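What follows is the content of start25.txt, which has compact mmCIF, C-alpha atoms and all ligand atoms:
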# COMPACT_ATOMS: atom_id res chain seq x y z
CA MET A 5 -46.96 -8.83 20.83
CA SER A 6 -45.06 -9.46 17.59
CA ALA A 7 -43.83 -6.05 16.29
CA GLN A 8 -42.85 -4.94 19.78
CA SER A 9 -40.30 -7.70 20.24
CA VAL A 10 -38.37 -7.05 17.01
CA PRO A 11 -34.96 -5.58 17.88
CA ASP A 12 -33.68 -2.35 16.37
CA PRO A 13 -30.90 -3.63 14.05
CA GLN A 14 -28.75 -0.58 14.80
CA SER A 15 -28.70 -1.57 18.47
CA LEU A 16 -27.20 -4.92 17.45
CA VAL A 17 -24.07 -3.32 16.02
CA ARG A 18 -21.19 -2.71 18.45
CA PRO A 19 -20.88 1.02 19.30
CA LEU A 20 -17.23 0.91 18.16
CA VAL A 21 -18.32 -0.27 14.71
CA GLU A 22 -21.23 2.16 14.54
CA LYS A 23 -18.88 5.10 15.14
CA LEU A 24 -16.07 3.78 12.93
CA HIS A 25 -14.82 5.87 9.99
CA ALA A 26 -14.16 3.12 7.47
CA TYR A 27 -11.27 3.20 4.99
CA VAL A 28 -12.24 4.89 1.72
CA PRO A 29 -10.72 3.10 -1.30
CA GLY A 30 -10.09 4.94 -4.56
CA GLU A 31 -12.99 4.83 -6.98
CA GLN A 32 -13.32 2.07 -9.59
CA PRO A 33 -15.74 3.85 -11.94
CA LYS A 34 -17.04 2.25 -15.13
CA ILE A 35 -16.74 5.24 -17.45
CA LYS A 36 -15.89 4.38 -21.05
CA GLY A 37 -12.54 5.75 -22.17
CA LEU A 38 -11.60 6.91 -18.67
CA ILE A 39 -7.88 7.28 -18.03
CA LYS A 40 -7.58 5.83 -14.57
CA LEU A 41 -4.65 7.25 -12.63
CA ASN A 42 -6.19 7.17 -9.13
CA THR A 43 -5.34 3.85 -7.44
CA ASN A 44 -1.71 3.10 -8.39
CA GLU A 45 -2.57 0.08 -10.48
CA ASN A 46 0.11 -1.01 -12.94
CA PRO A 47 -0.68 0.04 -16.54
CA TYR A 48 0.90 -3.15 -17.92
CA PRO A 49 -0.78 -6.56 -17.78
CA PRO A 50 0.65 -9.56 -15.89
CA SER A 51 3.15 -11.63 -17.86
CA PRO A 52 1.72 -13.96 -20.55
CA LYS A 53 2.94 -16.91 -18.43
CA VAL A 54 0.78 -15.73 -15.53
CA MET A 55 -2.28 -15.35 -17.76
CA GLU A 56 -1.78 -18.86 -19.13
CA ALA A 57 -1.21 -20.42 -15.71
CA VAL A 58 -4.34 -18.83 -14.25
CA LYS A 59 -6.48 -19.90 -17.23
CA ALA A 60 -5.09 -23.44 -17.07
CA ALA A 61 -5.99 -23.64 -13.38
CA VAL A 62 -9.68 -22.93 -14.04
CA ASP A 63 -11.08 -26.45 -14.15
CA GLY A 64 -12.65 -29.05 -11.87
CA ARG A 65 -10.08 -28.20 -9.19
CA LEU A 66 -12.11 -25.13 -8.30
CA ARG A 67 -14.16 -27.42 -6.02
CA LEU A 68 -11.09 -28.15 -3.87
CA TYR A 69 -9.64 -26.04 -1.06
CA PRO A 70 -6.34 -24.39 -1.96
CA ASN A 71 -3.06 -25.08 -0.15
CA PRO A 72 -3.58 -23.57 3.32
CA THR A 73 -0.10 -22.07 3.60
CA ALA A 74 0.46 -20.98 -0.03
CA ASP A 75 3.53 -23.21 -0.18
CA SER A 76 4.26 -22.78 -3.90
CA VAL A 77 4.44 -19.03 -3.33
CA ARG A 78 6.43 -19.24 -0.09
CA GLU A 79 8.98 -21.65 -1.59
CA ARG A 80 9.75 -19.26 -4.43
CA LEU A 81 9.80 -16.25 -2.11
CA ALA A 82 12.21 -18.05 0.24
CA ARG A 83 14.58 -18.57 -2.67
CA LEU A 84 14.20 -14.97 -3.81
CA HIS A 85 14.84 -13.45 -0.40
CA GLN A 86 17.29 -16.15 0.78
CA CYS A 87 15.33 -16.99 3.89
CA GLY A 88 13.35 -19.90 5.35
CA LEU A 89 9.72 -20.78 4.71
CA ASP A 90 9.10 -19.98 8.38
CA ASN A 91 10.14 -16.37 7.72
CA ILE A 92 7.17 -15.86 5.36
CA ILE A 93 3.40 -15.56 5.57
CA VAL A 94 1.25 -14.94 2.47
CA GLY A 95 -2.00 -13.02 2.74
CA ASN A 96 -5.13 -11.99 0.89
CA GLY A 97 -3.35 -8.84 -0.22
CA SER A 98 -0.90 -7.16 2.13
CA ASP A 99 -3.87 -5.30 3.64
CA GLU A 100 -4.95 -8.56 5.31
CA LEU A 101 -1.49 -8.98 6.82
CA LEU A 102 -1.46 -5.42 8.18
CA ALA A 103 -4.77 -6.21 9.90
CA LEU A 104 -3.42 -9.53 11.23
CA ALA A 105 -0.35 -7.75 12.62
CA THR A 106 -2.64 -5.34 14.45
CA ARG A 107 -4.55 -8.24 15.98
CA ALA A 108 -1.42 -10.23 16.87
CA PHE A 109 0.76 -7.49 18.39
CA VAL A 110 -1.57 -4.77 19.71
CA GLU A 111 -3.75 -4.93 22.82
CA PRO A 112 -7.32 -3.77 22.14
CA ALA A 113 -8.14 -0.65 24.12
CA GLY A 114 -6.90 -0.98 27.66
CA SER A 115 -5.68 2.34 28.91
CA ARG A 116 -4.44 5.12 26.67
CA LYS A 117 -1.26 4.97 28.72
CA ASN A 118 -0.54 1.39 27.65
CA PRO A 119 1.95 1.58 24.76
CA ARG A 120 1.08 -2.01 23.81
CA ALA A 121 -2.38 -0.71 22.80
CA VAL A 122 -0.89 1.86 20.41
CA VAL A 123 -0.72 1.65 16.60
CA GLN A 124 1.85 4.25 15.53
CA PHE A 125 2.34 5.62 12.01
CA PHE A 126 3.60 8.69 10.21
CA THR A 127 1.38 11.29 8.60
CA PRO A 128 0.86 11.56 5.82
CA SER A 129 1.07 7.86 5.02
CA TYR A 130 -1.30 5.01 4.18
CA SER A 131 -4.71 6.04 5.52
CA LEU A 132 -5.62 2.42 6.31
CA TYR A 133 -3.40 2.32 9.43
CA PRO A 134 -5.57 4.47 11.74
CA VAL A 135 -8.62 2.54 10.54
CA LEU A 136 -6.99 -0.78 11.49
CA ALA A 137 -6.24 0.63 14.96
CA SER A 138 -9.82 1.82 15.39
CA ILE A 139 -11.37 -1.45 14.21
CA HIS A 140 -9.27 -3.26 16.83
CA GLY A 141 -10.19 -0.82 19.58
CA ALA A 142 -6.55 0.25 19.84
CA GLN A 143 -5.14 3.78 19.98
CA PRO A 144 -4.05 5.28 16.65
CA HIS A 145 -1.00 7.49 17.15
CA ALA A 146 0.08 9.76 14.30
CA VAL A 147 3.57 11.27 14.15
CA ALA A 148 4.16 14.02 11.59
CA LEU A 149 6.80 13.45 8.93
CA GLY A 150 9.48 16.12 8.66
CA GLN A 151 10.43 18.57 5.92
CA ASP A 152 9.60 17.28 2.42
CA PHE A 153 8.04 14.15 3.95
CA GLY A 154 11.39 12.99 5.37
CA LEU A 155 11.64 10.87 8.51
CA PRO A 156 11.59 13.17 11.54
CA GLU A 157 14.47 13.54 13.98
CA ARG A 158 14.81 10.48 16.17
CA THR A 159 14.78 12.61 19.28
CA GLN A 160 11.19 13.59 18.57
CA LYS A 161 9.33 13.44 21.86
CA ASN A 162 6.08 12.44 20.22
CA TRP A 163 7.51 9.05 19.16
CA ILE A 164 6.52 6.01 21.24
CA ASN A 165 9.48 3.67 21.33
CA ASN A 166 7.58 0.66 22.60
CA ALA A 167 4.28 1.07 20.73
CA GLY A 168 2.65 -2.33 20.13
CA LEU A 169 2.91 -1.78 16.39
CA THR A 170 4.45 0.89 14.16
CA PHE A 171 3.77 1.16 10.43
CA VAL A 172 6.29 2.85 8.14
CA THR A 173 5.32 3.22 4.47
CA THR A 174 8.58 3.07 2.56
CA PRO A 175 8.77 4.55 0.01
CA ASN A 176 6.11 6.82 1.46
CA ALA A 177 2.61 7.09 0.07
CA PRO A 178 1.10 9.46 -0.89
CA SER A 179 4.25 11.62 -1.21
CA GLY A 180 6.37 9.10 -3.17
CA ARG A 181 9.42 10.00 -1.04
CA GLY A 182 11.99 7.21 -0.62
CA TYR A 183 14.02 6.43 2.50
CA SER A 184 17.49 4.90 2.58
CA THR A 185 18.04 1.53 4.25
CA ALA A 186 20.57 3.24 6.54
CA GLU A 187 18.03 5.71 7.92
CA LEU A 188 15.39 2.98 8.29
CA GLU A 189 17.92 0.84 10.13
CA ALA A 190 18.69 3.72 12.49
CA LEU A 191 14.97 4.04 13.21
CA CYS A 192 14.59 0.28 13.83
CA ARG A 193 17.70 0.00 16.03
CA SER A 194 16.48 2.60 18.49
CA HIS A 195 13.01 1.05 18.65
CA GLU A 196 11.52 -1.75 20.76
CA GLY A 197 7.97 -2.44 19.51
CA VAL A 198 7.11 -4.30 16.30
CA ILE A 199 7.76 -2.26 13.13
CA VAL A 200 6.18 -3.09 9.78
CA LEU A 201 8.08 -1.58 6.86
CA ASP A 202 5.31 -1.42 4.27
CA GLU A 203 7.18 -1.74 0.97
CA ALA A 204 4.16 -1.76 -1.36
CA TYR A 205 6.02 0.44 -3.89
CA VAL A 206 9.62 -0.61 -3.30
CA ASP A 207 10.18 -2.08 -6.76
CA PHE A 208 10.09 1.46 -8.14
CA ALA A 209 12.66 2.68 -5.59
CA ARG A 210 16.46 2.73 -5.46
CA GLU A 211 16.78 0.68 -2.26
CA ASN A 212 14.77 -1.84 -0.28
CA ALA A 213 14.98 -2.80 3.39
CA MET A 214 14.32 -6.54 3.18
CA SER A 215 17.64 -7.24 4.94
CA LEU A 216 16.31 -5.52 8.09
CA ALA A 217 13.46 -8.06 8.42
CA LEU A 218 16.02 -10.88 8.48
CA LYS A 219 18.39 -9.04 10.83
CA TYR A 220 16.11 -7.63 13.56
CA PRO A 221 13.50 -9.73 15.41
CA HIS A 222 11.03 -6.83 15.73
CA VAL A 223 11.07 -5.79 12.06
CA LEU A 224 8.63 -7.13 9.45
CA VAL A 225 8.67 -6.19 5.77
CA ALA A 226 5.34 -6.15 3.91
CA ARG A 227 5.24 -6.63 0.14
CA THR A 228 2.40 -6.97 -2.33
CA PHE A 229 1.91 -8.42 -5.81
CA SER A 230 -0.72 -5.76 -6.46
CA LYS A 231 1.19 -2.71 -7.64
CA ALA A 232 4.51 -3.70 -9.20
CA TYR A 233 3.35 -7.17 -10.30
CA SER A 234 0.02 -6.15 -11.85
CA LEU A 235 -2.09 -8.44 -9.66
CA CYS A 236 -4.46 -6.15 -7.70
CA PHE A 237 -7.39 -8.30 -8.82
CA GLN A 238 -5.93 -11.48 -7.31
CA ARG A 239 -5.18 -10.11 -3.80
CA VAL A 240 -1.82 -11.53 -2.81
CA GLY A 241 0.75 -10.00 -0.46
CA TYR A 242 3.29 -11.28 2.08
CA LEU A 243 5.25 -10.46 5.19
CA VAL A 244 8.84 -11.45 5.93
CA GLY A 245 10.26 -11.52 9.45
CA HIS A 246 11.30 -13.47 12.51
CA PRO A 247 9.78 -17.00 12.68
CA ILE A 248 8.18 -16.30 16.07
CA LEU A 249 6.30 -13.23 14.83
CA ILE A 250 5.40 -15.03 11.60
CA ALA A 251 4.10 -18.06 13.56
CA ALA A 252 1.90 -15.75 15.65
CA LEU A 253 0.32 -14.40 12.47
CA HIS A 254 -0.24 -17.89 11.04
CA LYS A 255 -2.06 -18.82 14.24
CA ILE A 256 -4.74 -16.15 13.83
CA ARG A 257 -5.28 -16.09 10.06
CA ASP A 258 -8.13 -17.83 8.26
CA SER A 259 -7.22 -21.40 7.32
CA TYR A 260 -7.47 -20.74 3.58
CA ASN A 261 -6.72 -17.04 3.48
CA VAL A 262 -5.13 -17.00 0.01
CA ASN A 263 -7.39 -18.09 -2.85
CA GLY A 264 -6.14 -20.78 -5.22
CA LEU A 265 -6.02 -18.73 -8.41
CA GLY A 266 -4.13 -16.03 -6.52
CA GLN A 267 -1.55 -18.60 -5.42
CA VAL A 268 -1.13 -19.81 -9.01
CA ALA A 269 -0.76 -16.24 -10.26
CA ALA A 270 1.75 -15.18 -7.60
CA ALA A 271 3.86 -18.36 -7.87
CA THR A 272 4.02 -17.99 -11.66
CA THR A 273 4.88 -14.30 -11.36
CA LEU A 274 7.99 -15.30 -9.45
CA THR A 275 9.13 -17.46 -12.40
CA ASP A 276 9.07 -14.50 -14.79
CA LEU A 277 10.70 -11.62 -12.90
CA PRO A 278 12.62 -10.20 -15.91
CA TYR A 279 9.27 -9.38 -17.55
CA TYR A 280 8.32 -7.26 -14.53
CA ARG A 281 11.74 -5.64 -14.15
CA ALA A 282 11.40 -4.34 -17.71
CA ASN A 283 8.04 -2.83 -16.74
CA PHE A 284 9.53 -1.13 -13.64
CA LYS A 285 12.00 0.58 -15.98
CA ARG A 286 9.21 1.76 -18.28
CA VAL A 287 7.19 3.13 -15.36
CA ILE A 288 10.25 4.93 -13.97
CA ALA A 289 11.03 6.44 -17.40
CA THR A 290 7.43 7.66 -17.80
CA ARG A 291 7.54 9.02 -14.23
CA GLN A 292 10.59 11.10 -15.11
CA ARG A 293 9.12 12.45 -18.35
CA LEU A 294 5.74 13.27 -16.80
CA SER A 295 7.43 14.96 -13.83
CA ASP A 296 9.56 17.10 -16.18
CA GLU A 297 6.62 18.12 -18.35
CA LEU A 298 4.32 18.95 -15.44
CA THR A 299 7.13 20.95 -13.79
CA GLN A 300 7.40 23.01 -16.98
CA LEU A 301 3.67 23.66 -16.78
CA GLY A 302 4.06 25.11 -13.28
CA PHE A 303 3.38 22.10 -11.08
CA GLN A 304 5.46 21.53 -7.94
CA ILE A 305 6.52 17.90 -7.75
CA ALA A 306 8.19 15.98 -4.95
CA PRO A 307 10.83 13.53 -6.30
CA SER A 308 9.17 10.10 -6.46
CA GLN A 309 10.48 6.58 -5.89
CA THR A 310 7.08 5.00 -6.52
CA ASN A 311 4.66 4.46 -9.41
CA PHE A 312 2.89 7.73 -8.67
CA ILE A 313 3.78 11.39 -8.25
CA PHE A 314 2.47 13.83 -5.68
CA VAL A 315 1.94 17.20 -7.33
CA LYS A 316 0.87 20.67 -6.26
CA PRO A 317 -1.00 22.12 -9.25
CA PRO A 318 -0.75 25.81 -10.19
CA GLY A 319 -3.51 28.44 -10.12
CA LEU A 320 -6.64 26.55 -9.14
CA ARG A 321 -7.28 24.55 -5.98
CA ALA A 322 -6.28 20.89 -6.15
CA GLU A 323 -9.89 19.81 -5.69
CA THR A 324 -10.87 21.96 -8.69
CA TRP A 325 -8.09 20.36 -10.76
CA LEU A 326 -9.46 16.94 -9.80
CA GLN A 327 -12.86 17.90 -11.22
CA ARG A 328 -11.52 19.64 -14.36
CA LEU A 329 -9.33 16.64 -15.17
CA ARG A 330 -12.27 14.33 -14.53
CA ASP A 331 -14.36 16.40 -16.96
CA GLN A 332 -11.76 15.38 -19.57
CA LYS A 333 -11.91 11.76 -18.47
CA VAL A 334 -8.65 11.73 -16.55
CA LEU A 335 -9.11 10.46 -13.00
CA VAL A 336 -6.46 11.21 -10.36
CA ARG A 337 -6.65 11.10 -6.55
CA TRP A 338 -7.23 13.97 -4.13
CA PHE A 339 -7.25 13.51 -0.35
CA LYS A 340 -9.51 15.63 1.79
CA HIS A 341 -6.99 15.94 4.65
CA PRO A 342 -5.93 19.51 5.49
CA GLU A 343 -2.20 18.73 5.46
CA ILE A 344 -2.22 17.35 1.89
CA SER A 345 -5.33 18.93 0.35
CA ASP A 346 -3.16 21.15 -1.91
CA PHE A 347 -1.85 18.06 -3.72
CA LEU A 348 -3.01 15.54 -6.30
CA ARG A 349 -1.65 12.00 -6.44
CA VAL A 350 -1.17 10.86 -10.02
CA THR A 351 -0.50 7.20 -10.84
CA ILE A 352 2.10 6.63 -13.55
CA GLY A 353 0.32 5.00 -16.48
CA THR A 354 1.53 4.26 -20.01
CA ASP A 355 3.27 6.92 -22.10
CA ALA A 356 0.02 7.43 -24.01
CA GLU A 357 -1.83 8.04 -20.73
CA ALA A 358 0.84 10.53 -19.66
CA ASP A 359 0.36 12.33 -23.00
CA ALA A 360 -3.41 12.46 -22.44
CA LEU A 361 -2.88 13.93 -18.97
CA ILE A 362 -0.54 16.60 -20.37
CA ARG A 363 -3.06 17.49 -23.11
CA ALA A 364 -5.87 17.79 -20.55
CA THR A 365 -3.63 19.90 -18.31
CA ARG A 366 -2.74 22.32 -21.13
CA LYS A 367 -6.44 22.77 -21.93
CA ILE A 368 -7.25 23.58 -18.30
CA LEU A 369 -4.36 26.05 -18.12
CA ALA A 370 -5.44 27.72 -21.37
CA ARG A 371 -8.89 28.62 -20.02
C1 LIG A 401 -1.74 -0.66 -2.07
C2 LIG A 401 -1.10 -0.63 -0.74
C3 LIG A 401 -1.19 -1.72 0.12
C4 LIG A 401 -2.13 -2.88 -0.11
O1 LIG A 401 -1.83 -3.72 -1.05
P1 LIG A 401 -2.72 -5.03 -1.28
O2 LIG A 401 -1.68 -6.09 -1.32
O3 LIG A 401 -3.40 -4.81 -2.57
O4 LIG A 401 -3.65 -5.21 -0.13
C5 LIG A 401 -0.50 -1.68 1.32
N1 LIG A 401 0.21 -0.61 1.66
C6 LIG A 401 0.31 0.46 0.88
C7 LIG A 401 1.10 1.63 1.33
C8 LIG A 401 -0.36 0.49 -0.33
O5 LIG A 401 -0.33 1.58 -1.09
As a first step, turn the structure in this file into structure tokens.
Ligand SMILES: *Cc1c(COP(=O)(O)O)cnc(C)c1O
Amino acid sequence: MSAQSVPDPQSLVRPLVEKLHAYVPGEQPKIKGLIKLNTNENPYPPSPKVMEAVKAAVDGRLRLYPNPTADSVRERLARLHQCGLDNIIVGNGSDELLALATRAFVEPAGSRKNPRAVVQFFTPSYSLYPVLASIHGAQPHAVALGQDFGLPERTQKNWINNAGLTFVTTPNAPSGRGYSTAELEALCRSHEGVIVLDEAYVDFARENAMSLALKYPHVLVARTFSKAYSLCFQRVGYLVGHPILIAALHKIRDSYNVNGLGQVAAATTLTDLPYYRANFKRVIATRQRLSDELTQLGFQIAPSQTNFIFVKPPGLRAETWLQRLRDQKVLVRWFKHPEISDFLRVTIGTDAEADALIRATRKILAR
């Protein structure tokens, strides 16, 4: 009687979830002395003010719920971007907001012919987008980038003008290629569905497209404190856009989606921007030097406007380079997708880390 009635746990999981190919984050290995250039973390710590503010916030208040709408963060962001509080939603990292946008603007499944059920994105770009579509039961729709990872011609017949949601990583990851505000505006103008301009790396670029989120009702700009502001650990990101789209996202988020210490860290970050701007300059200078030195060693490198470079290594296969570098305790990222499997993505670290990478590279080449 008893054993027979126990359900098979696998049968309890929705078929969609059972079949899902989950997002694969970069490794966070605990190897002593490892030079970690695989997940685009900032090599410099948060500002001393942020460290102090977070430490000072660790007291009896931990028993209380945090502010549900991250007001201290939104108020400072509104001043920074010259917009209203109702133009901003803060999330548990920008990843959460990309998922919320999928749930708010895209119909699950329905027919393949229904553009409102489509999540559109360029390839290569952030590999989370197709996963978000699949989790939601929507249709992922990939459109190939053009030559040198540029935006394709607008006349491209593969493009769905009224897709429920379109993600554009700008500057692009993993290529590092930047796009001008003018060409992004041209793309947005001729488009009808919601577009998220995912500006995770924009602080390392020449231009940003924040103005488009405040000009066009169907354009949202996503930003994160993770990469440029050294706060991956705290998980804080935000979206800027039209109050009606922003209100829709607020409606479906968790009541306390941004943790209290994260709110303290992000709000304090915004009081010390010169500290971070100095770091952007250092990262950009190291990016230039590392690009020049690797080019001399025979690497092909796409010009980068991010805190990483996308390189085609000489001689050996990229996957072999990944392993040989790892053997020397330098960890970079390799993607097992046919269209980019000849490349390695290398996060820009400190100058000392760049030197270690060059030394390891010379040793591999000398063999
Ligand atoms: C890192 C990254 C994100 C996610 O940032 P979090 O705020 O840490 O969730 C979003 N988009 C792109 C393109 C990224 O590289």
Using all atoms listed in the file, what does the table of chain A residues within 6 Å of ligand LIG 401 (chain A) look like, with each row giving the shortest atom pair and its distance in Å to one decimal, sorted by chain and ascending number, as a tab-separated table?
residue	atom	partner	partner_atom	distance
A:Gly97	CA	A:LIG401	O2	3.4
A:Ser98	CA	A:LIG401	O2	3.7
A:Asp99	CA	A:LIG401	O4	3.8
A:Tyr130	CA	A:LIG401	C7	5.0
A:Thr173	CA	A:LIG401	C7	5.5
A:Ala177	CA	A:LIG401	C7	5.8
A:Asp202	CA	A:LIG401	N1	5.8
A:Ala204	CA	A:LIG401	C6	5.0
A:Thr228	CA	A:LIG401	O2	4.3
A:Ser230	CA	A:LIG401	O3	4.8
A:Cys236	CA	A:LIG401	O3	5.4
A:Arg239	CA	A:LIG401	O3	5.7
A:Val240	CA	A:LIG401	O2	5.6
A:Gly241	CA	A:LIG401	O2	4.7
Worksheet entry | Between CA of Glu79 in chain A and CA of Phe171 in chain A, distance in Å (one decimal) |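 The value is 26.3 Å.
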Discussion item. At a cut-off of 8 Å, using all atoms listed in the file, what residues contact range 317-319 of chain A? Leave out same-chain residues fewer than 3 positions from it and give the result as a ChimeraX atom specification.
Written reply: /A:302-304,322,325,346-348
Worksheet item: Can you find the residues with an atom no farther than 12 Å from (-2.5, -17.9, 13.0), counting all atoms listed in the file, and report them as a ChimeraX atom specification?
Response: /A:72-73,93-95,101,104-105,107-108,248-261
For range 299-331 of chain A against range 291-294 of chain A, with a cut-off of 9 Å and counting all atoms listed in the file, what is the closest atom pair and its distance in Å to one decimal for every residue that makes the cut, ordered by chain and number, as a tab-separated table?
residue	atom	partner	partner_atom	distance
A:Thr299	CA	A:Leu294	CA	8.4
A:Ser308	CA	A:Arg291	CA	8.0
A:Thr310	CA	A:Arg291	CA	8.7
A:Asn311	CA	A:Arg291	CA	7.2
A:Phe312	CA	A:Arg291	CA	7.4
A:Ile313	CA	A:Arg291	CA	7.5
Worksheet item: What's the 9 Å shell around Cys87 in chain A, counting all atoms listed in the file, without same-chain residues fewer than 6 positions away, as a PyMOL selection string?
Response: chain A and resi 81+218+244
Discussion item. When you count all atoms listed in the file, which of these residues is closest to Ala146 in chain A: A:Ser131, A:Asn42, A:Ser76, A:Thr351?
Written reply: A:Ser131
Worksheet item: What gap, in Å, lies between CA of Gly182 in chain A and CA of Tyr280 in chain A?
Response: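 Answer for the CA of Gly182 in chain A to CA of Tyr280 in chain A separation: 20.4 Å.
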Discussion item. If we count only C-alpha atoms and set the cut-off at 8 Å, which residues sit around Ser234 in chain A, ignoring sequence neighbours fewer than 4 positions away in its own chain? Please answer as an MDAnalysis selection string.
Written reply: chainID A and resid 45:50 229:230
Just the residues within 12 Å of Leu41 in chain A, please, counting all atoms listed in the file, with nothing from its chain fewer than 3 positions along; format it as an mmCIF file with C-alpha atoms, in the coordinates of the input.
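Writing done, so here's result_37.cif:
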data_model
loop_
_atom_site.group_PDB
_atom_site.id
_atom_site.type_symbol
_atom_site.label_atom_id
_atom_site.label_comp_id
_atom_site.auth_asym_id
_atom_site.auth_seq_id
_atom_site.Cartn_x
_atom_site.Cartn_y
_atom_site.Cartn_z
ATOM 1 C CA GLY A 30 -10.090 4.940 -4.560
ATOM 2 C CA GLU A 31 -12.990 4.830 -6.980
ATOM 3 C CA GLN A 32 -13.320 2.070 -9.590
ATOM 4 C CA PRO A 33 -15.740 3.850 -11.940
ATOM 5 C CA LEU A 38 -11.600 6.910 -18.670
ATOM 6 C CA ASN A 44 -1.710 3.100 -8.390
ATOM 7 C CA GLU A 45 -2.570 0.080 -10.480
ATOM 8 C CA ASN A 46 0.110 -1.010 -12.940
ATOM 9 C CA PRO A 47 -0.680 0.040 -16.540
ATOM 10 C CA ASN A 311 4.660 4.460 -9.410
ATOM 11 C CA PHE A 312 2.890 7.730 -8.670
ATOM 12 C CA ILE A 313 3.780 11.390 -8.250
ATOM 13 C CA PHE A 314 2.470 13.830 -5.680
ATOM 14 C CA LEU A 326 -9.460 16.940 -9.800
ATOM 15 C CA LEU A 329 -9.330 16.640 -15.170
ATOM 16 C CA ARG A 330 -12.270 14.330 -14.530
ATOM 17 C CA LYS A 333 -11.910 11.760 -18.470
ATOM 18 C CA VAL A 334 -8.650 11.730 -16.550
ATOM 19 C CA LEU A 335 -9.110 10.460 -13.000
ATOM 20 C CA VAL A 336 -6.460 11.210 -10.360
ATOM 21 C CA ARG A 337 -6.650 11.100 -6.550
ATOM 22 C CA TRP A 338 -7.230 13.970 -4.130
ATOM 23 C CA LEU A 348 -3.010 15.540 -6.300
ATOM 24 C CA ARG A 349 -1.650 12.000 -6.440
ATOM 25 C CA VAL A 350 -1.170 10.860 -10.020
ATOM 26 C CA THR A 351 -0.500 7.200 -10.840
ATOM 27 C CA ILE A 352 2.100 6.630 -13.550
ATOM 28 C CA GLY A 353 0.320 5.000 -16.480
ATOM 29 C CA THR A 354 1.530 4.260 -20.010
ATOM 30 C CA GLU A 357 -1.830 8.040 -20.730
ATOM 31 C CA ALA A 358 0.840 10.530 -19.660
ATOM 32 C CA ALA A 360 -3.410 12.460 -22.440
ATOM 33 C CA LEU A 361 -2.880 13.930 -18.970
#
Practice prompt. Could you please determine the separation between CA of Val200 in chain A and CA of Ser184 in chain A in Å, to one decimal place?
Written response: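 Taking CA of Val200 in chain A and CA of Ser184 in chain A, their separation equals 15.6 Å.
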Discussion item. So, with all atoms listed in the file as the atoms that count, which of A:Ala190, A:Val287, A:Leu20, A:Val206 lies closest to Ala137 in chain A?
Written reply: A:Leu20
Discussion item. As an MDAnalysis selection string, please: the residues near Ser138 in chain A (cut-off 12 Å, all atoms listed in the file, same-chain neighbours under 4 positions excluded).
Written reply: chainID A and resid 19:27 103 106:107 110:113 121:124 131:134 142:145
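Shortest atom-to-atom contact with Met55 in chain A among A:Val17, A:Leu136, A:Leu68, A:Leu265: A:Leu265, counting all atoms listed in the file.
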Worksheet item: A:Val58, A:Leu169, A:Ala270, A:Ile288: which is nearest Leu102 in chain A, counting all atoms listed in the file?
Response: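 That would be A:Leu169, the residue with the smallest distance to Leu102 in chain A.
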Worksheet item: With all atoms listed in the file as the atoms that count, which of A:Ile199, A:Leu16, A:Val172, A:Leu274 lies nearest to Arg78 in chain A?
Response: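 Ranking A:Ile199, A:Leu16, A:Val172, A:Leu274 by distance to Arg78 in chain A, first place goes to A:Leu274.
When all atoms listed in the file are used to measure the gap to Glu297 in chain A, the shortest distance among A:Asp12, A:Asp276, A:Glu100, A:Asp359 belongs to A:Asp359.
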